[in-house]
Every structure is written in C-alpha cells, then in structure tokens.
file protein.cif (mmCIF, C-alpha atoms, pLDDT in the B column; chains and numbers go by the auth columns)
data_structure
loop_
_atom_site.group_PDB
_atom_site.id
_atom_site.type_symbol
_atom_site.label_atom_id
_atom_site.label_comp_id
_atom_site.label_asym_id
_atom_site.label_seq_id
_atom_site.Cartn_x
_atom_site.Cartn_y
_atom_site.Cartn_z
_atom_site.B_iso_or_equiv
_atom_site.auth_seq_id
_atom_site.auth_asym_id
ATOM 1 C CA MET A 1 17.041 -47.096 -7.980 52.00 676 R
ATOM 2 C CA LYS A 2 18.564 -43.618 -7.805 46.00 677 R
ATOM 3 C CA TYR A 3 18.309 -43.253 -11.588 51.00 678 R
ATOM 4 C CA GLN A 4 14.650 -44.307 -11.555 54.00 679 R
ATOM 5 C CA LEU A 5 13.861 -41.746 -8.814 46.00 680 R
ATOM 6 C CA GLN A 6 15.545 -38.975 -10.784 53.00 681 R
ATOM 7 C CA LYS A 7 13.592 -40.013 -13.867 48.00 682 R
ATOM 8 C CA VAL A 8 10.278 -39.899 -11.980 42.00 683 R
ATOM 9 C CA ILE A 9 11.078 -36.443 -10.548 44.00 684 R
ATOM 10 C CA SER A 10 12.066 -35.134 -13.991 48.00 685 R
ATOM 11 C CA LEU A 11 8.881 -36.526 -15.511 45.00 686 R
ATOM 12 C CA PHE A 12 6.819 -34.855 -12.776 46.00 687 R
ATOM 13 C CA PHE A 13 8.314 -31.428 -13.472 44.00 688 R
ATOM 14 C CA VAL A 14 7.859 -31.847 -17.237 44.00 689 R
ATOM 15 C CA CYS A 15 4.194 -32.730 -16.702 45.00 690 R
ATOM 16 C CA PHE A 16 3.767 -29.844 -14.253 44.00 691 R
ATOM 17 C CA LEU A 17 5.285 -27.286 -16.597 44.00 692 R
ATOM 18 C CA THR A 18 3.327 -28.645 -19.563 45.00 693 R
ATOM 19 C CA THR A 19 0.075 -28.426 -17.625 46.00 694 R
ATOM 20 C CA CYS A 20 0.808 -24.852 -16.512 48.00 695 R
ATOM 21 C CA SER A 21 1.725 -23.862 -20.047 54.00 696 R
ATOM 22 C CA SER A 22 -1.425 -25.379 -21.547 63.00 697 R
ATOM 23 C CA THR A 23 -3.574 -23.746 -18.845 71.00 698 R
ATOM 24 C CA SER A 24 -2.132 -20.269 -19.457 77.00 699 R
ATOM 25 C CA GLU A 25 -2.427 -20.723 -23.223 81.00 700 R
ATOM 26 C CA LYS A 26 -6.082 -21.738 -22.843 83.00 701 R
ATOM 27 C CA ILE A 27 -6.816 -18.692 -20.683 86.00 702 R
ATOM 28 C CA ALA A 28 -4.993 -16.411 -23.144 80.00 703 R
ATOM 29 C CA MET A 29 -7.350 -17.600 -25.895 87.00 704 R
ATOM 30 C CA MET A 30 -10.458 -16.686 -23.864 91.00 705 R
ATOM 31 C CA SER A 31 -12.212 -13.369 -24.499 94.00 706 R
ATOM 32 C CA ASP A 32 -12.935 -10.840 -21.784 94.00 707 R
ATOM 33 C CA GLU A 33 -16.594 -11.831 -21.908 95.00 708 R
ATOM 34 C CA GLU A 34 -15.788 -15.529 -21.457 94.00 709 R
ATOM 35 C CA LEU A 35 -13.484 -14.858 -18.523 94.00 710 R
ATOM 36 C CA ILE A 36 -16.021 -12.546 -16.876 94.00 711 R
ATOM 37 C CA GLN A 37 -18.800 -15.087 -17.364 93.00 712 R
ATOM 38 C CA GLU A 38 -16.718 -17.886 -15.854 91.00 713 R
ATOM 39 C CA LEU A 39 -15.707 -15.829 -12.816 92.00 714 R
ATOM 40 C CA THR A 40 -19.185 -14.371 -12.329 91.00 715 R
ATOM 41 C CA SER A 41 -20.609 -17.901 -12.209 89.00 716 R
ATOM 42 C CA ARG A 42 -18.551 -18.389 -9.048 83.00 717 R
ATOM 43 C CA SER A 43 -19.826 -15.190 -7.425 82.00 718 R
ATOM 44 C CA TYR A 44 -16.995 -12.857 -8.394 91.00 719 R
ATOM 45 C CA GLN A 45 -18.334 -9.324 -8.387 91.00 720 R
ATOM 46 C CA PHE A 46 -17.730 -7.060 -11.370 94.00 721 R
ATOM 47 C CA TYR A 47 -18.820 -3.420 -11.210 93.00 722 R
ATOM 48 C CA ASN A 48 -18.164 -0.043 -12.854 92.00 723 R
ATOM 49 C CA PRO A 49 -16.938 2.665 -10.459 87.00 724 R
ATOM 50 C CA MET A 50 -16.762 6.246 -11.711 81.00 725 R
ATOM 51 C CA VAL A 51 -13.130 7.338 -11.670 76.00 726 R
ATOM 52 C CA ASP A 52 -13.709 10.768 -13.187 74.00 727 R
ATOM 53 C CA LYS A 53 -16.935 12.446 -12.003 78.00 728 R
ATOM 54 C CA LYS A 54 -16.367 15.557 -14.081 74.00 729 R
ATOM 55 C CA ASN A 55 -16.200 13.639 -17.361 76.00 730 R
ATOM 56 C CA ARG A 56 -18.369 10.734 -16.083 80.00 731 R
ATOM 57 C CA ILE A 57 -15.757 8.118 -16.894 81.00 732 R
ATOM 58 C CA THR A 58 -16.247 4.623 -15.493 86.00 733 R
ATOM 59 C CA VAL A 59 -13.944 1.589 -15.614 89.00 734 R
ATOM 60 C CA LEU A 60 -14.330 -2.156 -15.255 93.00 735 R
ATOM 61 C CA ALA A 61 -13.584 -3.259 -11.701 94.00 736 R
ATOM 62 C CA LEU A 62 -13.506 -6.615 -9.935 94.00 737 R
ATOM 63 C CA LYS A 63 -13.901 -7.466 -6.271 92.00 738 R
ATOM 64 C CA ILE A 64 -12.131 -10.616 -5.009 90.00 739 R
ATOM 65 C CA LYS A 65 -13.081 -11.904 -1.573 86.00 740 R
ATOM 66 C CA GLY A 66 -10.885 -14.339 0.314 81.00 741 R
ATOM 67 C CA LYS A 67 -13.757 -16.155 2.052 76.00 742 R
ATOM 68 C CA GLY A 68 -14.325 -19.381 0.149 74.00 743 R
ATOM 69 C CA GLN A 69 -14.472 -17.812 -3.284 80.00 744 R
ATOM 70 C CA TYR A 70 -10.895 -17.663 -4.492 87.00 745 R
ATOM 71 C CA ARG A 71 -9.246 -20.718 -6.056 87.00 746 R
ATOM 72 C CA PRO A 72 -5.485 -20.938 -6.590 85.00 747 R
ATOM 73 C CA GLY A 73 -4.811 -19.730 -10.115 87.00 748 R
ATOM 74 C CA ASP A 74 -7.857 -17.451 -10.335 92.00 749 R
ATOM 75 C CA LEU A 75 -5.682 -14.347 -10.419 94.00 750 R
ATOM 76 C CA LEU A 76 -4.310 -15.554 -13.762 94.00 751 R
ATOM 77 C CA LYS A 77 -7.831 -15.371 -15.185 94.00 752 R
ATOM 78 C CA VAL A 78 -8.544 -12.064 -13.485 95.00 753 R
ATOM 79 C CA CYS A 79 -5.457 -10.327 -14.828 95.00 754 R
ATOM 80 C CA SER A 80 -6.056 -11.743 -18.314 95.00 755 R
ATOM 81 C CA ILE A 81 -9.187 -9.581 -18.630 96.00 756 R
ATOM 82 C CA LYS A 82 -7.934 -6.824 -20.907 95.00 757 R
ATOM 83 C CA LYS A 83 -10.630 -4.301 -19.933 95.00 758 R
ATOM 84 C CA LEU A 84 -9.984 -4.641 -16.201 96.00 759 R
ATOM 85 C CA LYS A 85 -8.642 -1.449 -14.617 96.00 760 R
ATOM 86 C CA TYR A 86 -9.560 -1.665 -10.941 96.00 761 R
ATOM 87 C CA LEU A 87 -8.762 -4.664 -8.745 96.00 762 R
ATOM 88 C CA SER A 88 -10.216 -4.860 -5.223 95.00 763 R
ATOM 89 C CA ILE A 89 -9.063 -7.691 -2.929 94.00 764 R
ATOM 90 C CA GLU A 90 -10.845 -7.858 0.388 93.00 765 R
ATOM 91 C CA SER A 91 -12.098 -9.875 3.366 90.00 766 R
ATOM 92 C CA GLY A 92 -10.520 -13.095 4.577 90.00 767 R
ATOM 93 C CA GLU A 93 -7.203 -14.641 3.584 92.00 768 R
ATOM 94 C CA LEU A 94 -5.555 -15.579 0.299 92.00 769 R
ATOM 95 C CA PRO A 95 -2.606 -17.915 -0.381 91.00 770 R
ATOM 96 C CA ASP A 96 0.575 -16.756 -2.066 94.00 771 R
ATOM 97 C CA PHE A 97 0.155 -16.150 -5.792 94.00 772 R
ATOM 98 C CA SER A 98 2.113 -18.192 -8.343 94.00 773 R
ATOM 99 C CA LEU A 99 4.828 -16.639 -10.494 94.00 774 R
ATOM 100 C CA GLU A 100 2.528 -17.136 -13.467 93.00 775 R
ATOM 101 C CA GLU A 101 -0.230 -15.117 -11.794 94.00 776 R
ATOM 102 C CA ILE A 102 2.186 -12.316 -10.874 95.00 777 R
ATOM 103 C CA ARG A 103 3.531 -12.275 -14.437 93.00 778 R
ATOM 104 C CA ALA A 104 0.010 -12.029 -15.887 94.00 779 R
ATOM 105 C CA CYS A 105 -0.889 -9.147 -13.580 95.00 780 R
ATOM 106 C CA LYS A 106 2.269 -7.247 -14.447 94.00 781 R
ATOM 107 C CA ASN A 107 1.194 -7.415 -18.091 92.00 782 R
ATOM 108 C CA SER A 108 -2.377 -6.374 -17.337 95.00 783 R
ATOM 109 C CA ASN A 109 -4.062 -3.003 -17.805 96.00 784 R
ATOM 110 C CA VAL A 110 -4.870 -2.634 -14.098 97.00 785 R
ATOM 111 C CA ASP A 111 -3.956 0.781 -12.675 97.00 786 R
ATOM 112 C CA THR A 112 -5.668 0.628 -9.257 97.00 787 R
ATOM 113 C CA ILE A 113 -5.257 -1.985 -6.518 97.00 788 R
ATOM 114 C CA LEU A 114 -7.371 -1.807 -3.359 97.00 789 R
ATOM 115 C CA ILE A 115 -6.443 -4.100 -0.450 97.00 790 R
ATOM 116 C CA ASP A 116 -9.106 -4.130 2.276 96.00 791 R
ATOM 117 C CA ASN A 117 -9.169 -6.121 5.518 95.00 792 R
ATOM 118 C CA ILE A 118 -7.503 -9.229 4.095 95.00 793 R
ATOM 119 C CA LYS A 119 -4.454 -11.288 4.958 95.00 794 R
ATOM 120 C CA LEU A 120 -2.183 -11.835 1.980 94.00 795 R
ATOM 121 C CA ASN A 121 1.381 -11.367 0.805 96.00 796 R
ATOM 122 C CA ASN A 122 1.735 -7.578 0.520 97.00 797 R
ATOM 123 C CA PHE A 123 5.190 -7.942 -1.046 97.00 798 R
ATOM 124 C CA GLN A 124 3.592 -9.789 -3.961 97.00 799 R
ATOM 125 C CA ILE A 125 1.078 -6.976 -4.367 97.00 800 R
ATOM 126 C CA CYS A 126 4.004 -4.577 -4.443 97.00 801 R
ATOM 127 C CA GLU A 127 5.835 -6.623 -7.090 96.00 802 R
ATOM 128 C CA ILE A 128 2.706 -6.696 -9.240 97.00 803 R
ATOM 129 C CA ALA A 129 2.314 -2.920 -8.929 97.00 804 R
ATOM 130 C CA LYS A 130 5.949 -2.333 -9.887 96.00 805 R
ATOM 131 C CA GLY A 131 5.369 -3.987 -13.253 95.00 806 R
ATOM 132 C CA LEU A 132 1.991 -2.526 -14.225 96.00 807 R
ATOM 133 C CA LYS A 133 1.899 -0.860 -17.646 94.00 808 R
ATOM 134 C CA ALA A 134 -0.343 2.069 -16.679 96.00 809 R
ATOM 135 C CA PRO A 135 1.383 5.470 -16.550 96.00 810 R
ATOM 136 C CA LYS A 136 -0.138 6.221 -13.136 97.00 811 R
ATOM 137 C CA ILE A 137 -0.645 3.666 -10.359 98.00 812 R
ATOM 138 C CA ARG A 138 -2.954 3.878 -7.347 97.00 813 R
ATOM 139 C CA ILE A 139 -2.514 1.665 -4.264 98.00 814 R
ATOM 140 C CA ASP A 140 -5.052 1.674 -1.412 97.00 815 R
ATOM 141 C CA PHE A 141 -4.581 -0.182 1.913 98.00 816 R
ATOM 142 C CA ASN A 142 -7.520 -0.302 4.330 97.00 817 R
ATOM 143 C CA TYR A 143 -7.453 -2.139 7.667 97.00 818 R
ATOM 144 C CA ILE A 144 -4.106 -3.691 6.724 97.00 819 R
ATOM 145 C CA PRO A 145 -1.225 -3.957 9.259 97.00 820 R
ATOM 146 C CA LEU A 146 1.190 -2.475 6.723 97.00 821 R
ATOM 147 C CA THR A 147 4.820 -2.586 7.932 98.00 822 R
ATOM 148 C CA ASP A 148 7.848 -0.396 7.259 98.00 823 R
ATOM 149 C CA SER A 149 9.485 -3.028 5.044 97.00 824 R
ATOM 150 C CA GLU A 150 6.322 -3.330 2.951 97.00 825 R
ATOM 151 C CA LEU A 151 6.087 0.451 2.724 97.00 826 R
ATOM 152 C CA THR A 152 9.695 0.592 1.517 96.00 827 R
ATOM 153 C CA CYS A 153 8.764 -1.782 -1.288 97.00 828 R
ATOM 154 C CA ILE A 154 5.709 0.340 -2.172 97.00 829 R
ATOM 155 C CA SER A 155 7.938 3.425 -2.306 96.00 830 R
ATOM 156 C CA GLN A 156 9.918 1.775 -5.122 96.00 831 R
ATOM 157 C CA ILE A 157 6.920 1.784 -7.475 97.00 832 R
ATOM 158 C CA GLN A 158 8.205 4.406 -9.893 96.00 833 R
ATOM 159 C CA LYS A 159 4.767 5.250 -11.338 97.00 834 R
ATOM 160 C CA LEU A 160 3.033 5.511 -7.956 98.00 835 R
ATOM 161 C CA ASP A 161 0.654 8.472 -8.338 98.00 836 R
ATOM 162 C CA THR A 162 -1.900 7.880 -5.567 98.00 837 R
ATOM 163 C CA PHE A 163 -1.269 6.239 -2.201 98.00 838 R
ATOM 164 C CA ILE A 164 -3.964 5.733 0.417 98.00 839 R
ATOM 165 C CA VAL A 165 -3.576 4.237 3.888 98.00 840 R
ATOM 166 C CA TRP A 166 -6.418 3.833 6.357 95.00 841 R
ATOM 167 C CA GLU A 167 -6.695 2.411 9.837 95.00 842 R
ATOM 168 C CA GLY A 168 -4.570 -0.592 10.809 96.00 843 R
ATOM 169 C CA ALA A 169 -1.150 0.415 9.461 97.00 844 R
ATOM 170 C CA LYS A 170 1.889 -0.362 11.652 97.00 845 R
ATOM 171 C CA ILE A 171 4.254 1.920 9.764 98.00 846 R
ATOM 172 C CA THR A 172 6.616 4.217 11.693 98.00 847 R
ATOM 173 C CA ASP A 173 8.460 7.441 10.923 98.00 848 R
ATOM 174 C CA GLU A 174 11.338 5.416 9.469 97.00 849 R
ATOM 175 C CA GLY A 175 9.107 3.839 6.830 97.00 850 R
ATOM 176 C CA MET A 176 7.342 7.088 6.026 98.00 851 R
ATOM 177 C CA CYS A 177 10.624 8.913 5.572 98.00 852 R
ATOM 178 C CA GLN A 178 11.749 6.171 3.184 96.00 853 R
ATOM 179 C CA LEU A 179 8.569 6.630 1.152 97.00 854 R
ATOM 180 C CA SER A 180 9.136 10.386 1.088 97.00 855 R
ATOM 181 C CA GLN A 181 12.635 9.863 -0.239 97.00 856 R
ATOM 182 C CA ASN A 182 11.646 7.521 -3.069 97.00 857 R
ATOM 183 C CA ALA A 183 8.099 8.370 -4.226 97.00 858 R
ATOM 184 C CA LYS A 184 9.036 11.209 -6.565 97.00 859 R
ATOM 185 C CA ASN A 185 5.884 10.997 -8.718 98.00 860 R
ATOM 186 C CA LEU A 186 3.329 10.816 -5.910 98.00 861 R
ATOM 187 C CA THR A 187 0.648 13.483 -6.418 98.00 862 R
ATOM 188 C CA PHE A 188 -2.106 12.355 -4.021 98.00 863 R
ATOM 189 C CA LEU A 189 -1.542 11.128 -0.455 98.00 864 R
ATOM 190 C CA ARG A 190 -4.348 10.147 1.890 98.00 865 R
ATOM 191 C CA MET A 191 -3.596 8.827 5.384 98.00 866 R
ATOM 192 C CA GLU A 192 -6.303 8.618 8.026 97.00 867 R
ATOM 193 C CA ASP A 193 -6.559 7.048 11.494 96.00 868 R
ATOM 194 C CA ILE A 194 -2.790 6.686 11.814 97.00 869 R
ATOM 195 C CA ASP A 195 -1.422 5.512 15.164 97.00 870 R
ATOM 196 C CA PHE A 196 2.370 5.591 15.045 97.00 871 R
ATOM 197 C CA LEU A 197 3.560 8.469 12.870 98.00 872 R
ATOM 198 C CA THR A 198 4.796 11.706 14.425 98.00 873 R
ATOM 199 C CA LYS A 199 5.862 15.177 13.293 97.00 874 R
ATOM 200 C CA LYS A 200 9.075 13.604 11.993 98.00 875 R
ATOM 201 C CA SER A 201 7.011 12.009 9.222 98.00 876 R
ATOM 202 C CA THR A 202 5.448 15.306 8.174 98.00 877 R
ATOM 203 C CA ASP A 203 8.932 16.854 8.123 98.00 878 R
ATOM 204 C CA CYS A 204 10.062 14.083 5.766 98.00 879 R
ATOM 205 C CA MET A 205 6.945 14.528 3.622 98.00 880 R
ATOM 206 C CA LEU A 206 8.192 18.007 2.716 98.00 881 R
ATOM 207 C CA ASN A 207 10.611 16.160 0.404 98.00 882 R
ATOM 208 C CA LEU A 208 7.822 14.712 -1.758 98.00 883 R
ATOM 209 C CA PRO A 209 8.258 16.916 -4.845 98.00 884 R
ATOM 210 C CA SER A 210 5.036 16.244 -6.755 98.00 885 R
ATOM 211 C CA LEU A 211 2.223 16.446 -4.194 98.00 886 R
ATOM 212 C CA LYS A 212 -0.920 18.216 -5.372 98.00 887 R
ATOM 213 C CA ASP A 213 -3.497 16.935 -2.907 98.00 888 R
ATOM 214 C CA VAL A 214 -3.304 15.558 0.652 98.00 889 R
ATOM 215 C CA MET A 215 -5.889 14.204 3.090 98.00 890 R
ATOM 216 C CA LEU A 216 -4.279 13.749 6.505 98.00 891 R
ATOM 217 C CA LYS A 217 -6.774 13.163 9.301 96.00 892 R
ATOM 218 C CA ARG A 218 -6.827 11.689 12.784 96.00 893 R
ATOM 219 C CA TRP A 219 -3.131 11.049 13.327 97.00 894 R
ATOM 220 C CA LYS A 220 -2.784 10.056 16.963 96.00 895 R
ATOM 221 C CA HIS A 221 0.475 11.937 17.487 97.00 896 R
ATOM 222 C CA VAL A 222 0.042 14.882 15.105 97.00 897 R
ATOM 223 C CA SER A 223 -2.576 17.545 15.778 96.00 898 R
ATOM 224 C CA GLU A 224 -4.593 19.399 13.164 96.00 899 R
ATOM 225 C CA SER A 225 -2.638 22.572 13.920 96.00 900 R
ATOM 226 C CA GLN A 226 0.613 20.721 13.226 97.00 901 R
ATOM 227 C CA MET A 227 -0.857 19.425 9.975 97.00 902 R
ATOM 228 C CA GLU A 228 -1.739 22.984 9.051 97.00 903 R
ATOM 229 C CA LYS A 229 1.885 23.978 9.638 97.00 904 R
ATOM 230 C CA PHE A 230 3.021 21.110 7.425 98.00 905 R
ATOM 231 C CA VAL A 231 0.803 22.324 4.571 98.00 906 R
ATOM 232 C CA SER A 232 2.115 25.880 4.916 98.00 907 R
ATOM 233 C CA ALA A 233 5.720 24.653 5.049 98.00 908 R
ATOM 234 C CA TYR A 234 5.194 22.489 1.962 98.00 909 R
ATOM 235 C CA GLU A 235 3.709 25.337 -0.033 98.00 910 R
ATOM 236 C CA ALA A 236 6.531 27.661 1.028 98.00 911 R
ATOM 237 C CA LYS A 237 9.226 25.157 0.102 98.00 912 R
ATOM 238 C CA HIS A 238 7.780 24.237 -3.294 98.00 913 R
ATOM 239 C CA LYS A 239 6.379 27.700 -4.048 98.00 914 R
ATOM 240 C CA ARG A 240 2.914 26.478 -5.043 97.00 915 R
ATOM 241 C CA LYS A 241 -0.450 25.733 -3.468 98.00 916 R
ATOM 242 C CA ILE A 242 -1.753 22.237 -2.785 98.00 917 R
ATOM 243 C CA GLU A 243 -5.242 20.963 -1.979 98.00 918 R
ATOM 244 C CA ALA A 244 -5.358 19.907 1.660 97.00 919 R
ATOM 245 C CA SER A 245 -7.976 18.269 3.850 96.00 920 R
ATOM 246 C CA ILE A 246 -6.732 18.058 7.431 95.00 921 R
ATOM 247 C CA TYR A 247 -9.754 18.967 9.559 92.00 922 R
ATOM 248 C CA ASP A 248 -12.207 16.320 10.713 84.00 923 R
ATOM 249 C CA PRO A 249 -15.824 17.597 10.642 75.00 924 R
ATOM 250 C CA VAL A 250 -17.546 17.169 13.984 59.00 925 R
ATOM 251 C CA GLY A 251 -20.147 14.865 12.452 46.00 926 R
ATOM 252 C CA TYR A 252 -17.472 12.383 11.448 50.00 927 R
ATOM 253 C CA GLU A 253 -15.327 12.369 14.551 48.00 928 R
ATOM 254 C CA LYS A 254 -14.809 9.069 16.299 50.00 929 R
ATOM 255 C CA PRO A 255 -16.014 8.808 19.900 45.00 930 R
#

call {"tool": "encode", "arguments": {"input": "protein.cif", "output": "structure tokens"}}
result
Amino acid sequence: MKYQLQKVISLFFVCFLTTCSSTSEKIAMMSDEELIQELTSRSYQFYNPMVDKKNRITVLALKIKGKGQYRPGDLLKVCSIKKLKYLSIESGELPDFSLEEIRACKNSNVDTILIDNIKLNNFQICEIAKGLKAPKIRIDFNYIPLTDSELTCISQIQKLDTFIVWEGAKITDEGMCQLSQNAKNLTFLRMEDIDFLTKKSTDCMLNLPSLKDVMLKRWKHVSESQMEKFVSAYEAKHKRKIEASIYDPVGYEKP
C-alpha cells in the first residue's frame, strides 16, 4: 500500500512537471503579436507611454489589474513578450507568482515596474527586479503599505536607477537608512506624502552617491525648510548641483 502511494505521488509530480514544461515551451514559441492578442482578448490593457519627451521615445507597456482579470500563470505570458518594457500592476489582489513566472520575468526586457494600490507579494516583485537584464531599473510604489523589510530588499537591486514612493508607505528611518547605504546607483528619488520618516532619513540620504534629481514633498515630519537644508548639504558634500523639487505649489496642497 505504501509503495502504491509513493508511486501515485511520483506519477503526479512527473505529470505536473511535464505539463508545466510543455506550457512554457508553447508560450516560448508564441510571437509577441500572438501573446498580445491573447491577453488583449481578456481585457489586458497595452499602451505606449512616452519615456523620453525630448526625443519622443515610447515603449510598449502593459497594465495588469487584480480584479477578476488575472489568471494564475498569466505573468509567464506577459514576461514572454520581448518588446515589453513597462509593467504596471494595479487595483485589487493577486496570488503569489510561480517560480516559472518569476524566472520568465527575470529574463524579460522589462525595465520599469509600477505597483499601484494592489495587494501582492512585494518580495517577489523585488526578486524579479533583481534579475532584470536592463542596465537601469525603475520601481514605483503607489498606495502600497511598503515595509522596512521590503525596502531593504529593494535596496539590494544593484541596477536600481529610479525609485518612487507615494502615499501609503509604512517605512521608517531604519529602512530608509538601509536604502541609503545600499542603493549606490540611484539617480532619481521621488517620495511624496510620507508619514513616518524624519530628519534622520534625510541625514542618511546624504550617503546616496549618485543622486541627480529628487522630488521630496509633503513629509509629515520634515518641513520644506529642512528639505532645503538637505539639498544644500548634499550639494556641499558631493560638490555638485542636483535637481530638486521640494516645494508644494499652493494649487496642489492637500486640505
């Protein structure tokens, strides 16, 4: 009886692995156009954002929504689209991705990942970003309760060039100081509507060696005048100017 049970379990795993293998091989044989057509038929939204206004350069982007649209395994198809550069995942909730999906995304040509108001495994997003082939990676979190441990993982993305955090983050000075210690190639940092960070974070941010542009607005515990002092201190330490947007125009202030 025990032998028969072991045989059934072994047969199940062989069938499972064979099915996965045949599925991935089938997807690998599909063209970008076939994959786009199949996903579009299920209401996936492809679009072409302009990533370089000066040279009018656009890229292929895809928006995944978690409300009734996503099927387990879809990310394998998404990340098999060779022309895809910009991946936006937003609204609702998504299950954990399979190892096969993560592997496919690591081998993709995606260089920008936007996570907006959705519940998912942020550590898996981080692992995907760590393996992306692009020379410069952009990660954007909007209305996401990002934690210090997740931020520590993000800080380990060696090719992280642009990092954006909007309202909803739960990160503290400890997490921000960890990012400042590790993110040596970060050139653009945008953080707005931040509730928990203090001047200690801006002190740590002086250690980011590659910053060229910052947008730091509406930090609950750091005033605009303190932000101005941070910019001056950064420029003095690194002996170069940076682009800085730290003042909130009256027309855009929250009530």

call {"tool": "closest_residue", "arguments": {"input": "protein.cif", "among": "R:Asp823, R:Glu903, R:Asp749, R:Asp815", "to": "R:Phe838", "atoms": "all atoms listed in the file"}}
result
R:Asp815

call {"tool": "resolve_selection", "arguments": {"input": "protein.cif", "expression": "the PyMOL selection byres ((chain R and resi 714-717) around 9)", "output": "list in words"}}
result
Glu709, Leu710, Ile711, Gln712, Glu713, Ser718, Tyr719, Gln720, Phe721, Gln744, Tyr745, Asp749, Lys752 and Val753 of chain R

call {"tool": "resolve_selection", "arguments": {"input": "protein.cif", "expression": "the PyMOL selection byres ((chain R and resi 876) around 8)", "output": "list of chain:residue names"}}
result
R:Asp848, R:Glu849, R:Met851, R:Cys852, R:Leu872, R:Thr873, R:Lys874, R:Lys875, R:Thr877, R:Asp878, R:Cys879, R:Met880

call {"tool": "atom_distance", "arguments": {"input": "protein.cif", "atom1": "atom CA of R:Ile732", "atom2": "atom CA of R:Ser783"}}
result
19.7 Å

call {"tool": "resolve_selection", "arguments": {"input": "protein.cif", "expression": "the PyMOL selection byres ((chain R and resi 737-742) around 12)", "output": "PyMOL selection string"}}
result
chain R and resi 710-711+714-715+717-724+734-736+743-747+749-750+752-754+756+758-771+785+787-795

call {"tool": "atom_distance", "arguments": {"input": "protein.cif", "atom1": "atom CA of R:Asn730", "atom2": "atom CA of R:Asp707"}}
result
25.1 Å

call {"tool": "atom_distance", "arguments": {"input": "protein.cif", "atom1": "atom CA of R:Ser855", "atom2": "atom CA of R:Ser824"}}
result
14.0 Å

call {"tool": "residues_around", "arguments": {"input": "protein.cif", "residues": "stretch 917-919 of chain R", "least_positions_apart": "3", "cutoff": "6 Å", "atoms": "only C-alpha atoms", "output": "compact mmCIF listing (two decimals) with C-alpha atoms, keeping the file's coordinate frame"}}
result
# COMPACT_ATOMS: atom_id res chain seq x y z
CA LYS R 887 -0.92 18.22 -5.37
CA ASP R 888 -3.50 16.93 -2.91
CA VAL R 889 -3.30 15.56 0.65
CA MET R 890 -5.89 14.20 3.09

call {"tool": "residues_around", "arguments": {"input": "protein.cif", "residues": "R:Ile839", "least_positions_apart": "3", "cutoff": "8 Å", "atoms": "only C-alpha atoms", "output": "list of chain:residue names"}}
result
R:Ile814, R:Asp815, R:Phe816, R:Leu864, R:Arg865, R:Met866

call {"tool": "residues_around", "arguments": {"input": "protein.cif", "residues": "R:Gln833", "least_positions_apart": "4", "cutoff": "8 Å", "atoms": "all atoms listed in the file", "output": "PDB file with C-alpha atoms, in the coordinates of the input"}}
result
ATOM      1  CA  LYS R 805       5.949  -2.333  -9.887  1.00 96.00           C
ATOM      2  CA  ALA R 858       8.099   8.370  -4.226  1.00 97.00           C
ATOM      3  CA  LYS R 859       9.036  11.209  -6.565  1.00 97.00           C
ATOM      4  CA  ASN R 860       5.884  10.997  -8.718  1.00 98.00           C
TER       5      ASN R 860
END

call {"tool": "axis_aligned_box", "arguments": {"input": "protein.cif", "around": "stretch 849-861 of chain R", "padding_each_side": "3 Å", "output": "lines of an AutoDock Vina configuration file"}}
result
center_x = 8.0
center_y = 7.5
center_z = 0.4
size_x = 15.3
size_y = 13.4
size_z = 24.2

call {"tool": "residues_around", "arguments": {"input": "protein.cif", "residues": "R:Cys801", "least_positions_apart": "4", "cutoff": "7 Å", "atoms": "all atoms listed in the file", "output": "list in words"}}
result
Asn797, Lys805, Cys828 and Ile829 of chain R

call {"tool": "residues_near_point", "arguments": {"input": "protein.cif", "point": "(8.1, -5.0, -8.0)", "cutoff": "9 Å", "atoms": "all atoms listed in the file", "output": "list in words"}}
result
Lys781, Phe798, Gln799, Ile800, Cys801, Glu802, Ile803, Ala804, Lys805, Gly806, Cys828, Ile829, Gln831 and Ile832 of chain R
